[in-house]
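input.tsv (TSV, C-alpha atoms) appears below.
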chain	number	residue	atom	x	y	z
P	1	MET	CA	-18.17	-12.79	36.51
P	2	ALA	CA	-17.32	-9.56	34.70
P	3	PRO	CA	-15.49	-9.99	31.39
P	4	ARG	CA	-11.80	-9.12	31.64
P	5	LEU	CA	-9.83	-6.81	29.36
P	6	LEU	CA	-6.09	-6.23	29.05
P	7	LEU	CA	-4.97	-2.99	27.40
P	8	VAL	CA	-1.43	-3.22	26.01
P	9	ALA	CA	0.49	0.05	25.74
P	10	THR	CA	4.18	0.76	25.20
P	11	THR	CA	3.80	4.56	25.07
P	12	SER	CA	2.32	7.23	27.33
P	13	TRP	CA	-0.51	8.07	24.92
P	14	PRO	CA	-3.92	8.75	26.55
P	15	THR	CA	-5.69	6.11	24.42
P	16	ALA	CA	-5.30	3.31	26.97
P	17	ALA	CA	-6.63	5.47	29.81
P	18	ARG	CA	-9.68	6.55	27.83
P	19	LEU	CA	-10.45	2.95	26.80
P	20	ALA	CA	-10.10	1.83	30.42
P	21	ALA	CA	-12.86	4.27	31.38
P	22	ALA	CA	-15.07	3.26	28.44
P	23	PHE	CA	-14.94	-0.47	29.17
P	24	THR	CA	-15.25	-0.04	32.95
P	25	LYS	CA	-18.49	1.89	32.42
P	26	LEU	CA	-19.80	-1.22	30.64
P	27	SER	CA	-18.97	-3.33	33.72
P	28	TRP	CA	-15.74	-4.86	32.42
P	29	HIS	CA	-12.78	-5.59	34.67
P	30	VAL	CA	-9.93	-3.63	33.06
P	31	GLU	CA	-6.20	-4.13	33.52
P	32	ALA	CA	-3.34	-2.66	31.52
P	33	MET	CA	0.32	-3.16	30.73
P	34	ALA	CA	2.18	0.13	30.38
P	35	PRO	CA	5.59	1.71	30.97
P	36	ALA	CA	6.43	3.86	33.97
P	37	GLY	CA	4.90	7.30	33.60
P	38	ALA	CA	2.17	6.19	31.18
P	39	LEU	CA	-1.07	8.12	31.58
P	40	VAL	CA	-3.11	4.95	32.10
P	41	ARG	CA	-1.26	4.43	35.38
P	42	SER	CA	-3.06	7.48	36.75
P	43	SER	CA	-6.54	6.39	35.72
P	44	ARG	CA	-8.95	5.22	38.40
P	45	PHE	CA	-10.56	2.93	35.82
P	46	ALA	CA	-7.53	0.65	35.36
P	47	GLU	CA	-7.75	-1.75	38.30
P	48	THR	CA	-4.23	-3.14	37.84
P	49	VAL	CA	-1.40	-1.80	35.67
P	50	HIS	CA	1.33	-4.34	34.97
P	51	ARG	CA	4.91	-3.23	34.42
P	52	TYR	CA	6.14	-2.96	30.85
P	53	ALA	CA	9.91	-3.10	30.47
P	54	ALA	CA	11.19	-1.74	27.16
P	55	LEU	CA	14.35	-3.86	27.44
P	56	ALA	CA	12.37	-7.06	28.13
P	57	PRO	CA	9.15	-6.52	26.18
P	58	MET	CA	8.17	-10.14	25.47
P	59	SER	CA	8.52	-11.32	29.06
P	60	SER	CA	6.56	-8.24	30.20
P	61	LEU	CA	3.74	-9.05	27.81
P	62	GLN	CA	3.57	-12.74	28.68
P	63	SER	CA	3.53	-11.95	32.39
P	64	ALA	CA	0.79	-9.34	32.01
P	65	ILE	CA	-1.43	-11.68	29.98
P	66	ALA	CA	-0.93	-14.51	32.46
P	67	CYS	CA	-1.77	-12.30	35.45
P	68	ALA	CA	-4.75	-10.54	33.85
P	69	GLY	CA	-6.64	-13.67	32.79
P	70	ALA	CA	-8.05	-11.58	29.97
P	71	ASP	CA	-10.94	-12.47	27.69
P	72	LEU	CA	-9.84	-9.78	25.23
P	73	VAL	CA	-6.58	-7.92	24.56
P	74	ILE	CA	-6.50	-4.51	22.88
P	75	PRO	CA	-3.21	-3.00	21.64
P	76	CYS	CA	-3.03	0.79	21.98
P	77	ASP	CA	-0.01	1.54	19.79
P	78	ASP	CA	1.82	0.00	16.84
P	79	ARG	CA	4.64	-1.44	18.92
P	80	ALA	CA	2.08	-3.24	21.08
P	81	VAL	CA	0.63	-4.84	17.93
P	82	SER	CA	4.08	-6.06	16.89
P	83	LEU	CA	4.67	-7.58	20.33
P	84	LEU	CA	1.35	-9.44	20.25
P	85	LEU	CA	2.14	-10.78	16.77
P	86	LYS	CA	5.59	-11.95	17.88
P	87	LEU	CA	4.06	-13.66	20.88
P	88	HIS	CA	1.44	-15.34	18.71
P	89	ALA	CA	4.16	-16.68	16.39
P	90	LYS	CA	6.06	-17.96	19.42
P	91	VAL	CA	3.14	-19.79	21.04
P	92	THR	CA	1.44	-21.36	18.02
P	93	ARG	CA	2.46	-24.84	19.11
P	94	PRO	CA	0.91	-27.52	21.35
P	95	GLY	CA	0.56	-26.41	24.94
P	96	HIS	CA	0.00	-22.73	24.15
P	97	ARG	CA	-3.21	-22.86	22.16
P	98	ASP	CA	-5.18	-20.83	24.68
P	99	LEU	CA	-2.74	-17.90	24.43
P	100	ALA	CA	-2.55	-18.09	20.64
P	101	GLY	CA	-6.35	-18.24	20.52
P	102	LEU	CA	-6.70	-15.17	22.76
P	103	ILE	CA	-4.46	-13.11	20.47
P	104	ALA	CA	-6.24	-14.29	17.32
P	105	ARG	CA	-9.63	-13.64	18.92
P	106	SER	CA	-8.54	-10.11	19.85
P	107	LEU	CA	-6.82	-9.07	16.61
P	108	GLY	CA	-8.45	-11.17	13.93
P	109	ALA	CA	-6.28	-13.20	11.56
P	110	PRO	CA	-2.63	-12.67	12.66
P	111	GLU	CA	-1.29	-13.94	9.32
P	112	HIS	CA	-2.62	-10.81	7.57
P	113	TYR	CA	-0.86	-8.27	9.76
P	114	GLU	CA	2.47	-8.38	7.94
P	115	THR	CA	0.70	-7.07	4.85
P	116	MET	CA	-1.24	-4.44	6.81
P	117	MET	CA	1.88	-3.13	8.52
P	118	THR	CA	3.79	-2.74	5.25
P	119	ARG	CA	2.41	0.39	3.61
P	120	PRO	CA	2.92	-0.45	-0.10
P	121	ALA	CA	1.58	-3.99	0.32
P	122	PHE	CA	-1.44	-2.81	2.28
P	123	LEU	CA	-2.34	-0.12	-0.25
P	124	ALA	CA	-1.94	-2.59	-3.11
P	125	ALA	CA	-4.41	-4.89	-1.33
P	126	ALA	CA	-6.79	-1.97	-0.79
P	127	GLU	CA	-6.55	-0.95	-4.45
P	128	ALA	CA	-7.45	-4.50	-5.43
P	129	LEU	CA	-10.67	-3.96	-3.45
P	130	ASP	CA	-11.47	-0.88	-5.59
P	131	ILE	CA	-10.58	1.53	-2.79
P	132	ALA	CA	-9.02	4.78	-4.01
P	133	VAL	CA	-5.38	5.05	-2.93
P	134	PRO	CA	-2.45	7.26	-3.97
P	135	ARG	CA	0.23	5.59	-6.04
P	136	THR	CA	2.79	4.11	-3.65
P	137	LEU	CA	6.11	2.41	-4.40
P	138	ALA	CA	8.38	0.45	-2.09
P	139	ILE	CA	11.99	1.58	-2.42
P	140	ALA	CA	15.10	-0.35	-1.43
P	141	GLY	CA	18.25	1.57	-2.17
P	142	GLU	CA	19.12	4.84	-3.83
P	143	ASP	CA	18.65	3.55	-7.38
P	144	GLU	CA	15.06	2.53	-6.67
P	145	PHE	CA	14.51	5.86	-4.95
P	146	GLU	CA	15.62	7.80	-8.03
P	147	THR	CA	13.55	5.59	-10.35
P	148	GLY	CA	10.49	5.91	-8.13
P	149	LEU	CA	10.90	9.66	-7.86
P	150	ALA	CA	10.95	9.92	-11.66
P	151	GLU	CA	7.79	7.79	-11.92
P	152	ILE	CA	5.72	9.52	-9.24
P	153	GLY	CA	6.98	13.06	-9.69
P	154	LEU	CA	6.84	16.01	-7.30
P	155	PRO	CA	5.62	16.79	-4.74
P	156	VAL	CA	6.13	13.39	-3.15
P	157	VAL	CA	5.68	11.90	0.31
P	158	ILE	CA	8.42	9.69	1.76
P	159	LYS	CA	7.32	7.29	4.51
P	160	ALA	CA	9.08	4.83	6.77
P	161	ASP	CA	7.30	1.67	7.88
P	162	GLY	CA	7.04	1.18	11.62
P	163	SER	CA	6.59	4.89	12.33
P	164	TRP	CA	3.56	6.61	13.86
P	165	GLY	CA	2.29	9.93	15.12
P	166	GLY	CA	3.62	11.76	12.07
P	167	ALA	CA	7.22	10.66	12.65
P	168	GLY	CA	8.91	8.99	9.70
P	169	VAL	CA	6.91	11.00	7.15
P	170	ALA	CA	8.31	13.77	4.95
P	171	VAL	CA	6.37	15.82	2.37
P	172	THR	CA	8.86	17.16	-0.15
P	173	CYS	CA	8.43	19.59	-3.04
P	174	SER	CA	11.85	19.50	-4.72
P	175	ARG	CA	14.39	16.85	-5.68
P	176	GLU	CA	16.85	18.28	-3.19
P	177	GLU	CA	14.31	18.05	-0.35
P	178	ALA	CA	13.32	14.53	-1.40
P	179	ARG	CA	16.91	13.31	-1.51
P	180	ALA	CA	17.72	14.87	1.85
P	181	ALA	CA	14.61	13.29	3.40
P	182	TYR	CA	15.46	9.91	1.86
P	183	ARG	CA	18.96	9.98	3.32
P	184	ARG	CA	17.63	11.03	6.74
P	185	LEU	CA	14.88	8.41	6.89
P	186	SER	CA	16.81	5.52	5.36
P	187	GLU	CA	19.70	5.54	7.82
P	188	PRO	CA	19.37	3.93	11.27
P	189	VAL	CA	19.66	6.41	14.11
P	190	SER	CA	23.21	6.45	15.44
P	191	ALA	CA	23.99	4.81	18.79
P	192	ALA	CA	24.96	8.15	20.34
P	193	ARG	CA	21.75	9.83	19.21
P	194	SER	CA	19.65	6.90	20.44
P	195	VAL	CA	21.23	7.11	23.89
P	196	LEU	CA	20.63	10.87	23.98
P	197	ARG	CA	16.97	10.34	23.01
P	198	ALA	CA	16.57	7.71	25.72
P	199	VAL	CA	17.82	10.17	28.34
P	200	ARG	CA	15.89	13.19	27.10
P	201	ARG	CA	12.60	11.39	26.54
P	202	HIS	CA	12.85	8.95	29.44
P	203	ASP	CA	12.19	6.15	26.93
P	204	ALA	CA	14.33	3.01	27.08
P	205	HIS	CA	13.19	1.93	23.61
P	206	HIS	CA	15.76	4.34	22.22
P	207	LEU	CA	18.42	2.68	24.37
P	208	ALA	CA	17.49	-0.69	22.86
P	209	ALA	CA	17.80	0.87	19.39
P	210	ALA	CA	21.34	1.97	20.22
P	211	PHE	CA	22.42	-1.67	20.55
P	212	ALA	CA	20.29	-3.07	17.73
P	213	PRO	CA	19.75	-0.36	15.09
P	214	VAL	CA	17.21	-1.15	12.39
P	215	ARG	CA	17.23	0.20	8.86
P	216	PRO	CA	13.60	1.15	8.09
P	217	ARG	CA	11.70	0.14	4.96
P	218	LEU	CA	10.78	3.21	2.91
P	219	SER	CA	8.12	4.00	0.35
P	220	LEU	CA	7.33	6.86	-2.00
P	221	GLN	CA	3.74	8.05	-2.20
P	222	ALA	CA	2.12	10.45	-4.63
P	223	PHE	CA	1.05	13.65	-2.89
P	224	ILE	CA	-2.67	14.41	-2.95
P	225	SER	CA	-3.70	17.92	-2.04
P	226	GLY	CA	-6.57	18.03	0.40
P	227	THR	CA	-7.56	17.74	4.06
P	228	PRO	CA	-7.11	14.73	6.35
P	229	ALA	CA	-9.97	12.47	7.36
P	230	THR	CA	-10.03	9.46	9.63
P	231	THR	CA	-12.17	6.46	10.54
P	232	SER	CA	-12.25	4.47	13.77
P	233	PHE	CA	-14.06	1.16	13.63
P	234	ALA	CA	-14.82	-1.90	15.73
P	235	CYS	CA	-15.04	-5.28	14.05
P	236	TRP	CA	-15.33	-8.97	14.79
P	237	GLU	CA	-14.12	-11.78	12.53
P	238	GLY	CA	-14.21	-9.53	9.47
P	239	GLU	CA	-17.54	-7.81	10.20
P	240	VAL	CA	-17.70	-4.10	11.02
P	241	LEU	CA	-19.77	-3.63	14.18
P	242	SER	CA	-19.65	0.16	14.40
P	243	ALA	CA	-17.67	2.96	12.77
P	244	LEU	CA	-17.03	6.65	13.35
P	245	HIS	CA	-15.89	8.89	10.50
P	246	PHE	CA	-14.27	12.30	11.00
P	247	ASP	CA	-12.85	15.19	9.03
P	248	VAL	CA	-9.74	16.58	10.72
P	249	VAL	CA	-10.15	20.24	11.65
P	250	ALA	CA	-6.82	20.76	13.44
P	251	SER	CA	-3.72	18.63	13.95
P	252	ASP	CA	-0.24	18.67	15.41
P	253	GLY	CA	1.65	19.90	12.35
P	254	ASN	CA	1.17	18.79	8.75
P	255	THR	CA	1.69	15.09	9.41
P	256	GLY	CA	0.93	14.75	13.12
P	257	PRO	CA	-2.14	13.32	14.86
P	258	ALA	CA	-5.49	15.12	14.86
P	259	SER	CA	-6.42	17.37	17.78
P	260	VAL	CA	-9.85	18.54	16.59
P	261	VAL	CA	-12.23	16.43	14.49
P	262	ARG	CA	-15.73	16.82	13.07
P	263	ARG	CA	-17.94	13.76	12.77
P	264	THR	CA	-19.26	13.10	9.30
P	265	GLU	CA	-21.21	10.46	7.41
P	266	ASP	CA	-19.17	9.30	4.42
P	267	PRO	CA	-20.22	6.27	2.33
P	268	GLN	CA	-16.73	5.94	0.81
P	269	MET	CA	-15.04	5.74	4.20
P	270	ALA	CA	-17.69	3.35	5.53
P	271	GLU	CA	-17.35	1.05	2.53
P	272	ALA	CA	-13.55	1.08	2.76
P	273	ALA	CA	-13.76	-0.04	6.40
P	274	ARG	CA	-16.20	-2.83	5.50
P	275	ARG	CA	-14.09	-4.15	2.62
P	276	LEU	CA	-10.82	-4.04	4.56
P	277	ALA	CA	-12.29	-5.68	7.66
P	278	ARG	CA	-13.62	-8.51	5.50
P	279	ARG	CA	-10.42	-8.85	3.43
P	280	PHE	CA	-8.13	-9.05	6.48
P	281	ARG	CA	-10.63	-10.80	8.79
P	282	LEU	CA	-10.15	-8.16	11.45
P	283	SER	CA	-11.33	-8.17	15.03
P	284	GLY	CA	-10.94	-5.47	17.67
P	285	LEU	CA	-10.44	-1.72	17.25
P	286	HIS	CA	-8.74	-0.19	14.21
P	287	GLY	CA	-8.35	3.08	12.33
P	288	LEU	CA	-7.98	4.32	8.77
P	289	ASP	CA	-6.35	7.55	7.57
P	290	PHE	CA	-7.58	9.29	4.42
P	291	ILE	CA	-7.05	12.51	2.49
P	292	ARG	CA	-10.14	14.30	1.14
P	293	ASP	CA	-9.46	16.03	-2.18
P	294	ALA	CA	-11.06	19.21	-3.55
P	295	SER	CA	-13.96	17.24	-5.04
P	296	GLY	CA	-14.80	15.66	-1.68
P	297	ALA	CA	-13.55	12.18	-2.63
P	298	VAL	CA	-11.38	10.37	-0.09
P	299	HIS	CA	-8.15	8.50	-0.78
P	300	LEU	CA	-6.92	5.88	1.70
P	301	LEU	CA	-3.41	6.54	3.05
P	302	GLU	CA	-2.88	3.82	5.65
P	303	ILE	CA	-4.37	1.62	8.33
P	304	ASN	CA	-3.70	1.81	12.04
P	305	PRO	CA	-4.12	-1.85	13.06
P	306	ARG	CA	-4.89	-0.99	16.69
P	307	ALA	CA	-7.08	1.29	18.79
P	308	THR	CA	-6.81	4.95	17.80
P	309	GLN	CA	-7.40	8.11	19.81
P	310	THR	CA	-11.07	8.46	18.79
P	311	ALA	CA	-11.99	4.83	19.55
P	312	ALA	CA	-13.27	5.57	23.06
P	313	LEU	CA	-15.68	8.34	22.01
P	314	ALA	CA	-19.37	7.61	22.61
P	315	LEU	CA	-21.58	9.43	20.10
P	316	GLY	CA	-24.86	7.69	20.82
P	317	GLU	CA	-26.66	4.52	19.80
P	318	GLY	CA	-24.92	2.83	16.89
P	319	ARG	CA	-21.96	5.21	17.24
P	320	ASP	CA	-20.18	3.65	20.20
P	321	LEU	CA	-17.31	1.38	19.18
P	322	VAL	CA	-16.57	0.15	22.69
P	323	ALA	CA	-20.20	-0.79	23.37
P	324	ALA	CA	-20.45	-2.64	20.06
P	325	LEU	CA	-17.21	-4.57	20.57
P	326	ALA	CA	-18.00	-5.40	24.20
P	327	ALA	CA	-21.42	-6.73	23.22
P	328	ARG	CA	-20.10	-8.98	20.46
P	329	ALA	CA	-17.21	-10.27	22.58
P	330	THR	CA	-19.58	-11.32	25.35
P	331	GLY	CA	-22.63	-12.21	23.27
P	332	ALA	CA	-24.73	-9.66	25.15
P	333	CYS	CA	-27.00	-6.94	23.79
P	334	PRO	CA	-25.22	-3.62	23.12
P	335	ALA	CA	-25.46	-1.26	26.08
P	336	PRO	CA	-24.41	2.23	24.94
P	337	ARG	CA	-22.84	4.41	27.57
P	338	THR	CA	-24.80	7.29	29.07
P	339	GLN	CA	-24.06	10.95	28.35
P	340	ALA	CA	-23.31	10.50	24.67
P	341	ILE	CA	-21.46	13.36	22.99
P	342	GLU	CA	-23.97	15.39	21.00
P	343	ASN	CA	-21.65	17.96	19.44
P	344	ASP	CA	-20.16	16.68	16.17
P	345	LEU	CA	-17.13	18.97	16.62
P	346	ILE	CA	-14.78	17.38	19.16
P	347	ALA	CA	-11.56	18.81	20.63
P	348	LEU	CA	-9.42	15.92	21.86
P	349	PHE	CA	-7.78	16.35	25.25
P	350	PRO	CA	-4.99	17.03	25.93
P	351	GLN	CA	-4.00	17.27	22.26
P	352	GLU	CA	-5.77	20.50	21.27
P	353	TRP	CA	-5.11	22.21	24.60
P	354	ARG	CA	-1.40	21.50	24.12
P	355	ARG	CA	-1.42	22.56	20.47
P	356	ASP	CA	-3.00	25.94	21.23
P	357	PRO	CA	-4.24	26.82	24.74
P	358	ALA	CA	-6.11	29.77	23.19
P	359	SER	CA	-7.76	27.68	20.47
P	360	PRO	CA	-11.36	28.76	19.78
P	361	HIS	CA	-12.22	25.09	19.32
P	362	LEU	CA	-11.83	24.51	23.05
P	363	ALA	CA	-15.00	26.52	23.63
P	364	ALA	CA	-16.98	25.78	20.45
P	365	ALA	CA	-16.35	22.04	20.36
P	366	HIS	CA	-17.07	19.31	22.85
P	367	HIS	CA	-13.80	19.43	24.79
P	368	ASP	CA	-13.14	15.80	25.68
P	369	VAL	CA	-11.69	16.42	29.16
P	370	PRO	CA	-11.78	13.41	31.55
P	371	TRP	CA	-13.56	15.25	34.36
P	372	ASP	CA	-14.66	11.93	35.87
P	373	ASP	CA	-11.03	10.79	36.24
P	374	PRO	CA	-9.32	13.59	38.23
P	375	ALA	CA	-5.96	11.83	38.65
P	376	LEU	CA	-5.74	11.24	34.90
P	377	LEU	CA	-6.63	14.87	34.26
P	378	ARG	CA	-3.86	16.04	36.60
P	379	ALA	CA	-1.41	13.66	34.92
P	380	CYS	CA	-2.31	15.04	31.48
P	381	LEU	CA	-1.72	18.57	32.72
P	382	ALA	CA	1.60	17.64	34.30
P	383	GLU	CA	2.98	15.53	31.47
P	384	PRO	CA	5.70	17.29	29.47
P	385	SER	CA	4.67	18.44	26.03
P	386	ARG	CA	6.38	17.23	22.88
P	387	PHE	CA	9.22	19.66	23.64
P	388	PRO	CA	11.69	17.59	25.67
P	389	PHE	CA	13.02	20.32	27.94
P	390	ARG	CA	9.69	21.69	29.19
P	391	PRO	CA	9.75	21.32	33.02
P	392	TRP	CA	7.03	19.40	34.81
P	393	LEU	CA	4.29	21.61	36.19
P	394	THR	CA	4.00	22.26	39.89
P	395	LYS	CA	0.72	21.48	41.66
P	396	GLU	CA	-0.04	25.20	41.80
P	397	ARG	CA	0.52	25.50	38.07
P	398	GLN	CA	-1.68	22.46	37.46
P	399	ALA	CA	-4.50	24.13	39.37
P	400	MET	CA	-4.13	27.28	37.28
P	401	GLU	CA	-4.19	25.29	34.06
P	402	LEU	CA	-7.24	23.32	35.20
P	403	ALA	CA	-9.11	26.49	36.05
P	404	SER	CA	-8.33	27.90	32.59
P	405	LEU	CA	-9.80	24.96	30.66
P	406	PRO	CA	-12.97	25.97	28.80
P	407	PRO	CA	-15.90	23.79	29.89
P	408	GLY	CA	-17.24	23.22	26.40
P	409	ASN	CA	-20.55	21.37	26.84
P	410	HIS	CA	-19.59	18.78	29.46
P	411	PRO	CA	-22.68	18.31	31.69
P	412	ALA	CA	-20.69	17.25	34.76
P	413	LEU	CA	-18.27	20.19	34.74
P	414	ALA	CA	-19.75	22.14	37.62
P	415	SER	CA	-19.67	19.25	40.08
P	416	GLU	CA	-16.23	18.03	38.99
P	417	ARG	CA	-14.62	21.44	39.33

For this file, write the structure as structure tokens.
Amino acid sequence: MAPRLLLVATTSWPTAARLAAAFTKLSWHVEAMAPAGALVRSSRFAETVHRYAALAPMSSLQSAIACAGADLVIPCDDRAVSLLLKLHAKVTRPGHRDLAGLIARSLGAPEHYETMMTRPAFLAAAEALDIAVPRTLAIAGEDEFETGLAEIGLPVVIKADGSWGGAGVAVTCSREEARAAYRRLSEPVSAARSVLRAVRRHDAHHLAAAFAPVRPRLSLQAFISGTPATTSFACWEGEVLSALHFDVVASDGNTGPASVVRRTEDPQMAEAARRLARRFRLSGLHGLDFIRDASGAVHLLEINPRATQTAALALGEGRDLVAALAARATGACPAPRTQAIENDLIALFPQEWRRDPASPHLAAAHHDVPWDDPALLRACLAEPSRFPFRPWLTKERQAMELASLPPGNHPALASER
């Protein structure tokens, strides 16, 4: 029987849909759990998509796992990781060992995730492994903020734990900016604002926050001037199976996710992934964010303890995370996917197209358009951008947008279009 995978998503990000295609092409049976409107629901590669209810997340997750009969579970966003960890803590008792074992097999050692998901603690652990990191201080209260600001100096980066996609991060250059950012990030979002966000963004998580506001944990981080870099890696019981390293060429704002990346070989990034995987006994798909300074050295900023947006890319033998993880999970020989990407410059879709429809990277880079998944492609074109009041595109407008997409170097473009 084909091995079975459950992708766990609580957002509409394209990561789950792209991973569904990657694993299906390796003859896995792929199911997903995702909210209404999630892009993975449009993918032809997800055989079943179970309902995720933001107001009943744990019961949704337990039901999806029970129905999927999965051999492996992959979280596709940070909230999904937290749900899996909560479920593991709940079922680590007699009678639930199979479920607890599935989660541990998929993530690695669950007991280490609390450290990984707390930025100052994670970076302290990384520094103890001789990995270069910026100075980072946990702050609890205004007095600690002022003391930390005096120690680190300006400019300084203020970060909130539990945030992703560039949210909850502020780069400040003056004391006034830093204090304003601290006040903004340290206060729970008001009930009225949470309800408004839930309506505007069609996301019930904000409605849940209105009834149970959470005060985030903040940290101060020394600012390092440079350019972003990122690593995606697959690992199993603390061993790195395969890793992809990229310099970020374009991104959604100063702190947002990458939209264009260039593959690189970097011994520092590779060694950081190896040491961290071993230290935290990781399994599954993970990501690391770095900053590359003027000398070319990289400094680790944080870990993404889940699949990231470059995890599904296939760059040839030894550079295919999904193939490496699938092989180790089943005990089979690695079977890299066909049609490996040969261009080291990659424009991620729909990220770069949304950032700048006239971007020269869309023609010069490999434009990672899912031509073999037409319904997903249409859903990406129709999905509202990050601006909440942009209307959904009509079918006629979708066709116009599709026709305008540069082909890049995709070999199947002519037949798909």

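Of the residues under consideration (P:Asp71, P:Asp77, P:Glu265, P:Asp98), P:Asp77 shows the shortest atom-to-atom contact distance to Thr308 in chain P when counting only C-alpha atoms.
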
Using all atoms listed in the file, which residues sit within 9 Å of Leu220 in chain P once same-chain residues fewer than 2 positions away are excluded, as a list in words?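 The neighbour list is Pro120, Arg135, Thr136, Leu137, Ala138, Ile139, Phe145, Gly148, Leu149, Ile152, Val156, Val157, Ile158, Lys159, Leu218 and Ala222 of chain P.
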
Using 5 Å of padding on each side, determine the axis-aligned box around all atoms of range 2-14 of chain P present in the file and give its centre and edge lengths in Å to one decimal, as AutoDock Vina command-line options.
--center_x -6.6 --center_y -0.6 --center_z 29.8 --size_x 31.5 --size_y 28.7 --size_z 19.8

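Between CA of Leu123 in chain P and CA of Glu237 in chain P there is a distance of 20.9 Å.
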
Nearest to Leu276 in chain P among P:Val171, P:Ala358, P:Ala34, P:Ala126, with distances taken over all atoms listed in the file: which residue is it? P:Ala126

Can you list, as a PyMOL selection string, every protein, DNA or RNA residue that comes within 8 Å of Val298 in chain P when you count all atoms listed in the file, leaving out same-chain residues fewer than 5 positions away? chain P and resi 132+229+268-269+290-293

How many Å separate CA of Ala277 in chain P from CA of Val8 in chain P? 21.5 Å

Have a look at CA of Phe246 in chain P and CA of Trp371 in chain P and let me know their distance in Å, one decimal. 23.6 Å

Distance criterion (all atoms listed in the file): nearest to Arg354 in chain P out of P:Gln309, P:Thr115, P:Thr264, P:Ser251: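 Under the stated criterion, the closest residue is P:Ser251.
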
Excluding Leu102 in chain P and any residue of its chain fewer than 4 positions from it, enumerate the residues within 12 Å of it, using all atoms listed in the file, and give them as a short mmCIF file (atom, residue, chain, number, x, y, z; two decimals) with C-alpha atoms, in the frame of the given file.
data_model
loop_
_atom_site.label_atom_id
_atom_site.label_comp_id
_atom_site.auth_asym_id
_atom_site.auth_seq_id
_atom_site.Cartn_x
_atom_site.Cartn_y
_atom_site.Cartn_z
CA ARG P 4 -11.80 -9.12 31.64
CA LEU P 5 -9.83 -6.81 29.36
CA LEU P 6 -6.09 -6.23 29.05
CA ILE P 65 -1.43 -11.68 29.98
CA ALA P 66 -0.93 -14.51 32.46
CA GLY P 69 -6.64 -13.67 32.79
CA ALA P 70 -8.05 -11.58 29.97
CA ASP P 71 -10.94 -12.47 27.69
CA LEU P 72 -9.84 -9.78 25.23
CA VAL P 73 -6.58 -7.92 24.56
CA ILE P 74 -6.50 -4.51 22.88
CA LEU P 84 1.35 -9.44 20.25
CA LEU P 85 2.14 -10.78 16.77
CA LEU P 87 4.06 -13.66 20.88
CA HIS P 88 1.44 -15.34 18.71
CA VAL P 91 3.14 -19.79 21.04
CA THR P 92 1.44 -21.36 18.02
CA HIS P 96 0.00 -22.73 24.15
CA ARG P 97 -3.21 -22.86 22.16
CA ASP P 98 -5.18 -20.83 24.68
CA SER P 106 -8.54 -10.11 19.85
CA LEU P 107 -6.82 -9.07 16.61
CA GLY P 108 -8.45 -11.17 13.93
CA ALA P 109 -6.28 -13.20 11.56
CA PRO P 110 -2.63 -12.67 12.66
CA SER P 283 -11.33 -8.17 15.03
CA GLY P 284 -10.94 -5.47 17.67
CA ALA P 329 -17.21 -10.27 22.58
#

With only C-alpha atoms as the counted atoms, please give the residues lying no more than 9 Å from range 322-328 of chain P, apart from itself and same-chain residues fewer than 2 positions off, as number ranges by chain. P: 3, 19, 22-23, 26, 28, 234-236, 241-242, 283-285, 311-314, 318-320, 330-337

Extract, using all atoms listed in the file, all DNA, RNA and protein residues at most 7 Å from range 41-54 of chain P, discarding same-chain residues fewer than 6 positions from it, and format them as a VMD selection string. chain P and resid 17 20 to 21 24 30 to 35 60 64 204 to 205 373 375 to 376 379

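Of the listed residues P:Ala170, P:Ala272, P:Leu315, P:Ala181, the one whose atoms come nearest to Asn254 in chain P is P:Ala170, with distances taken using only C-alpha atoms.
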